[in-house]
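Participant: Mind looking over this structure? Questions follow.
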Amino acid sequence: MLKVLFQVVLLLGLVQYDLTNSSSKLPNGWQQKGTVIQILFVGNSLTYSNDLPSLVVAEAKRAGYAVKAQMLASPNVALDDHWKNGQMQKLIASGQFDFVVIQQGPSSQAEGKQMLLNYGKKLSALCKKHEVTLAYFMVWPAKQNYHMFDGVIRNYTNAATITNSILCPVGKEWKEYFDRTGDFGYYSPDGFHPSLVGSTVAAEIIVQSLFKDKAATAK
């Protein structure tokens with residue numbers, strides 16, 4: 001029953017997570033933003049597999065940060081789909097978020113590269129207007145397309161650099177682990193979506209990336 005309920009909520013596109021406590025801390029310079037860090041995740045099945053936002057919230061709590069997260073994600077969508085839908089822009093403009101973490105498919109080819117950059121620029125301008133920090137969640141190619149890994153890494157890195165956004169280099173760290181160990185356990189059996197271990201590693205990298213960069217660039 002719980003699984004069915006989650007799937008229904010997921011189809012509506014927006015899921016919220018809340019895991020806070022009074023003993024949690026904020027990165028340097030965040031005191032004026034309140035006691036809770038708000039994160040919006042925008043993406044597709046690579047974000048909602050294994051409840052990645054809830055894993056990020058839990059990992060942040062272990063690191064001592066009070067976090068709430070919302071997720072806007074649907075199967076087989078890219079940034080242009082989210083932009084055309086309009087809900088993403090409304091949520092950013094609401095002023096409730098500190099971070100927006102975005103991802104789409106692997107984007108190793110020219111079309112994906114251009115989409116990451118074009119919509120990243122639009123989102124960057126919108127985020128700056130509402131004092132939100134934009135971050136790219138770098139994903140990975142299907143295992144059978146392993147040769148495309150470098151293109152994924154290059155295009156996500158390029159988009160984050162040009163838009164002056166935070167890069168959460170999950171795909172890069174996955175590849176380094178695969179190359180070093182020969183263990184592909186971060187993939188689920190379908191060879192594309194993450195296993196629970198893979199999503200947990202992704203959550204750790206996202207927390208490290210967001211809070212490290214924010215502490216250094218706090219307003």
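Chain labels run A, B, ... following the order of the structure tokens; each chain numbers its residues from 1, and ligands are numbered from 1 in the order shown.
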Would you pick out the contacts of Gln208 of chain A at 10 Å or less, using only C-alpha atoms, so that residues sharing its chain but fewer than 6 positions from it are not included, and give the list as a ChimeraX atom specification?
Facilitator: /A:59-60,63,168,202,214
Participant: Contacts of segment 45-47 of chain A at 12 Å or less, counting only C-alpha atoms, minus same-chain residues fewer than 5 places along, as an NGL selection string?
Facilitator: :A and (7 or 10-11 or 13 or 15 or 40 or 52-56 or 70-78 or 101-106 or 136-142 or 170-171 or 187-188 or 192-196 or 198-200 or 202-203 or 206)
Participant: Export C-alpha atoms of the chosen residues as a CSV table (one decimal), in the first residue's frame?
Facilitator:
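Result went into result-v6.csv, see below:
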```csv
chain,number,residue,atom,x,y,z
A,7,GLN,CA,4.0,6.0,-6.9
A,10,LEU,CA,5.5,10.6,-7.7
A,11,LEU,CA,3.3,10.9,-10.7
A,13,GLY,CA,5.7,15.2,-9.6
A,15,VAL,CA,7.5,14.9,-3.0
A,40,LEU,CA,14.6,21.4,-4.3
A,52,LEU,CA,17.6,10.1,-3.4
A,53,PRO,CA,16.3,13.3,-1.8
A,54,SER,CA,15.5,11.4,1.4
A,55,LEU,CA,19.0,9.9,1.4
A,56,VAL,CA,20.4,13.3,1.0
A,70,GLN,CA,11.3,18.6,-2.1
A,71,MET,CA,11.5,16.6,-5.4
A,72,LEU,CA,10.1,17.5,-8.8
A,73,ALA,CA,10.7,14.4,-10.9
A,74,SER,CA,9.0,12.3,-13.5
A,75,PRO,CA,10.1,9.4,-15.8
A,76,ASN,CA,12.0,10.3,-19.0
A,77,VAL,CA,12.0,14.0,-18.6
A,78,ALA,CA,14.7,16.6,-19.3
A,101,VAL,CA,19.8,20.6,-7.6
A,102,ILE,CA,19.1,19.7,-11.3
A,103,GLN,CA,19.8,16.7,-13.5
A,104,GLN,CA,18.6,15.2,-16.8
A,105,GLY,CA,19.8,12.2,-18.8
A,106,PRO,CA,23.5,11.4,-19.3
A,136,TYR,CA,24.2,20.3,-11.2
A,137,PHE,CA,23.8,16.6,-10.2
A,138,MET,CA,26.2,14.9,-12.6
A,139,VAL,CA,24.8,11.5,-13.6
A,140,TRP,CA,26.2,8.6,-15.6
A,141,PRO,CA,25.6,6.7,-18.8
A,142,ALA,CA,24.1,3.2,-19.0
A,170,VAL,CA,28.6,11.9,-8.9
A,171,GLY,CA,29.2,10.5,-12.3
A,187,TYR,CA,24.3,0.2,-11.0
A,188,SER,CA,21.0,-1.7,-10.4
A,192,PHE,CA,21.4,2.2,-15.8
A,193,HIS,CA,19.5,3.2,-12.7
A,194,PRO,CA,21.4,3.3,-9.4
A,195,SER,CA,21.3,0.5,-6.9
A,196,LEU,CA,20.7,1.6,-3.3
A,198,GLY,CA,24.9,3.8,-5.8
A,199,SER,CA,22.2,6.3,-4.6
A,200,THR,CA,23.7,6.4,-1.1
A,202,ALA,CA,25.4,9.9,-4.7
A,203,ALA,CA,23.8,11.4,-1.6
A,206,ILE,CA,25.8,15.8,-3.1
```
Participant: Figure out the distance between atom CA of Asp80 of chain A and atom CA of Tyr119 of chain A, please, to one decimal in Å.
Facilitator: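 Separation of atom CA of Tyr119 of chain A and atom CA of Asp80 of chain A: 6.8 Å.
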Participant: Segment 5-201 of chain A: which residues are alpha helix (DSSP H) by DSSP, as number ranges by chain?
Facilitator: A: 5-12, 45-48, 52-62, 79-85, 87-93, 110-129, 149-162, 170-181, 196-201
Participant: Using DSSP on the backbone coordinates, identify all residues within segment 62-165 of chain A classified as strand (DSSP E); present the result as an MDAnalysis selection string.
Facilitator: chainID A and resid 67:73 99:102 133:137
Participant: I need the chosen residues saved as a PDB file, in the first residue's frame, with N, CA and C atoms.
Facilitator:
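The resulting file, out_33.pdb, is shown below:
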```pdb
ATOM      1  N   VAL A  67      17.888  19.812   7.327  1.00  0.00           N
ATOM      2  CA  VAL A  67      17.536  19.926   5.911  1.00  0.00           C
ATOM      3  C   VAL A  67      16.094  19.503   5.678  1.00  0.00           C
ATOM      4  N   LYS A  68      15.431  20.224   4.782  1.00  0.00           N
ATOM      5  CA  LYS A  68      14.173  19.784   4.191  1.00  0.00           C
ATOM      6  C   LYS A  68      14.388  19.712   2.681  1.00  0.00           C
ATOM      7  N   ALA A  69      13.771  18.734   2.043  1.00  0.00           N
ATOM      8  CA  ALA A  69      13.936  18.576   0.588  1.00  0.00           C
ATOM      9  C   ALA A  69      12.593  18.333  -0.072  1.00  0.00           C
ATOM     10  N   GLN A  70      12.449  18.884  -1.265  1.00  0.00           N
ATOM     11  CA  GLN A  70      11.314  18.583  -2.120  1.00  0.00           C
ATOM     12  C   GLN A  70      11.847  18.077  -3.456  1.00  0.00           C
ATOM     13  N   MET A  71      11.079  17.228  -4.099  1.00  0.00           N
ATOM     14  CA  MET A  71      11.504  16.638  -5.370  1.00  0.00           C
ATOM     15  C   MET A  71      10.452  16.867  -6.445  1.00  0.00           C
ATOM     16  N   LEU A  72      10.900  17.348  -7.590  1.00  0.00           N
ATOM     17  CA  LEU A  72      10.061  17.493  -8.768  1.00  0.00           C
ATOM     18  C   LEU A  72      10.671  16.588  -9.833  1.00  0.00           C
ATOM     19  N   ALA A  73      10.095  15.413 -10.026  1.00  0.00           N
ATOM     20  CA  ALA A  73      10.713  14.419 -10.907  1.00  0.00           C
ATOM     21  C   ALA A  73       9.658  13.515 -11.515  1.00  0.00           C
ATOM     22  N   PHE A  99      18.853  25.813  -2.137  1.00  0.00           N
ATOM     23  CA  PHE A  99      19.512  25.134  -3.250  1.00  0.00           C
ATOM     24  C   PHE A  99      18.476  24.584  -4.219  1.00  0.00           C
ATOM     25  N   VAL A 100      18.820  24.572  -5.500  1.00  0.00           N
ATOM     26  CA  VAL A 100      18.089  23.796  -6.502  1.00  0.00           C
ATOM     27  C   VAL A 100      19.106  22.869  -7.155  1.00  0.00           C
ATOM     28  N   VAL A 101      18.863  21.575  -7.069  1.00  0.00           N
ATOM     29  CA  VAL A 101      19.769  20.561  -7.616  1.00  0.00           C
ATOM     30  C   VAL A 101      19.113  19.952  -8.847  1.00  0.00           C
ATOM     31  N   ILE A 102      19.731  20.122 -10.019  1.00  0.00           N
ATOM     32  CA  ILE A 102      19.115  19.704 -11.274  1.00  0.00           C
ATOM     33  C   ILE A 102      19.890  18.586 -11.954  1.00  0.00           C
ATOM     34  N   THR A 133      20.916  29.014  -4.713  1.00  0.00           N
ATOM     35  CA  THR A 133      22.145  28.471  -5.289  1.00  0.00           C
ATOM     36  C   THR A 133      21.808  27.289  -6.189  1.00  0.00           C
ATOM     37  N   LEU A 134      22.267  27.351  -7.437  1.00  0.00           N
ATOM     38  CA  LEU A 134      22.016  26.287  -8.414  1.00  0.00           C
ATOM     39  C   LEU A 134      23.143  25.261  -8.368  1.00  0.00           C
ATOM     40  N   ALA A 135      22.770  23.988  -8.454  1.00  0.00           N
ATOM     41  CA  ALA A 135      23.762  22.912  -8.476  1.00  0.00           C
ATOM     42  C   ALA A 135      23.383  21.879  -9.528  1.00  0.00           C
ATOM     43  N   TYR A 136      24.376  21.359 -10.218  1.00  0.00           N
ATOM     44  CA  TYR A 136      24.182  20.273 -11.180  1.00  0.00           C
ATOM     45  C   TYR A 136      24.530  18.944 -10.532  1.00  0.00           C
ATOM     46  N   PHE A 137      23.602  18.006 -10.598  1.00  0.00           N
ATOM     47  CA  PHE A 137      23.834  16.629 -10.164  1.00  0.00           C
ATOM     48  C   PHE A 137      24.301  15.851 -11.394  1.00  0.00           C
TER      49      PHE A 137
END
```
Participant: May I ask which of the residues A:Ala159, A:Ile37, A:Leu126, A:Val152 is the closest one to Val207 of chain A, counting only C-alpha atoms?
Facilitator: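 Comparing A:Ala159, A:Ile37, A:Leu126, A:Val152 against Val207 of chain A, the winner is A:Ile37.
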Participant: Report the distance between atom CA of Val57 of chain A and atom CA of Arg154 of chain A in Å, rounded to one decimal place.
Facilitator: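 It comes out at 27.8 Å.
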Participant: When you count only C-alpha atoms, which of these residues is closest to Ile205 of chain A: A:Lys113, A:Ile166, A:Asn145, A:Asp150?
Facilitator: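 Ranking A:Lys113, A:Ile166, A:Asn145, A:Asp150 by distance to Ile205 of chain A, first place goes to A:Ile166.
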Participant: Please identify all polymer residues within 12 Å of Ala125 of chain A, counting only C-alpha atoms, omitting same-chain residues fewer than 4 positions from it, and present them as a count of residues only.
Facilitator: 16
Participant: As an exercise, work out the distance from atom CA of Ala160 of chain A to atom CA of Val201 of chain A in Å and give it to one decimal place.
Facilitator: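 Distance reported for this atom pair: 20.5 Å.
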Participant: Using only C-alpha atoms, which of the listed residues (A:Phe97, A:Phe184, A:Tyr156, A:Tyr48) sits closest to Lys172 of chain A?
Facilitator: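 Ranking A:Phe97, A:Phe184, A:Tyr156, A:Tyr48 by distance to Lys172 of chain A, first place goes to A:Tyr156.
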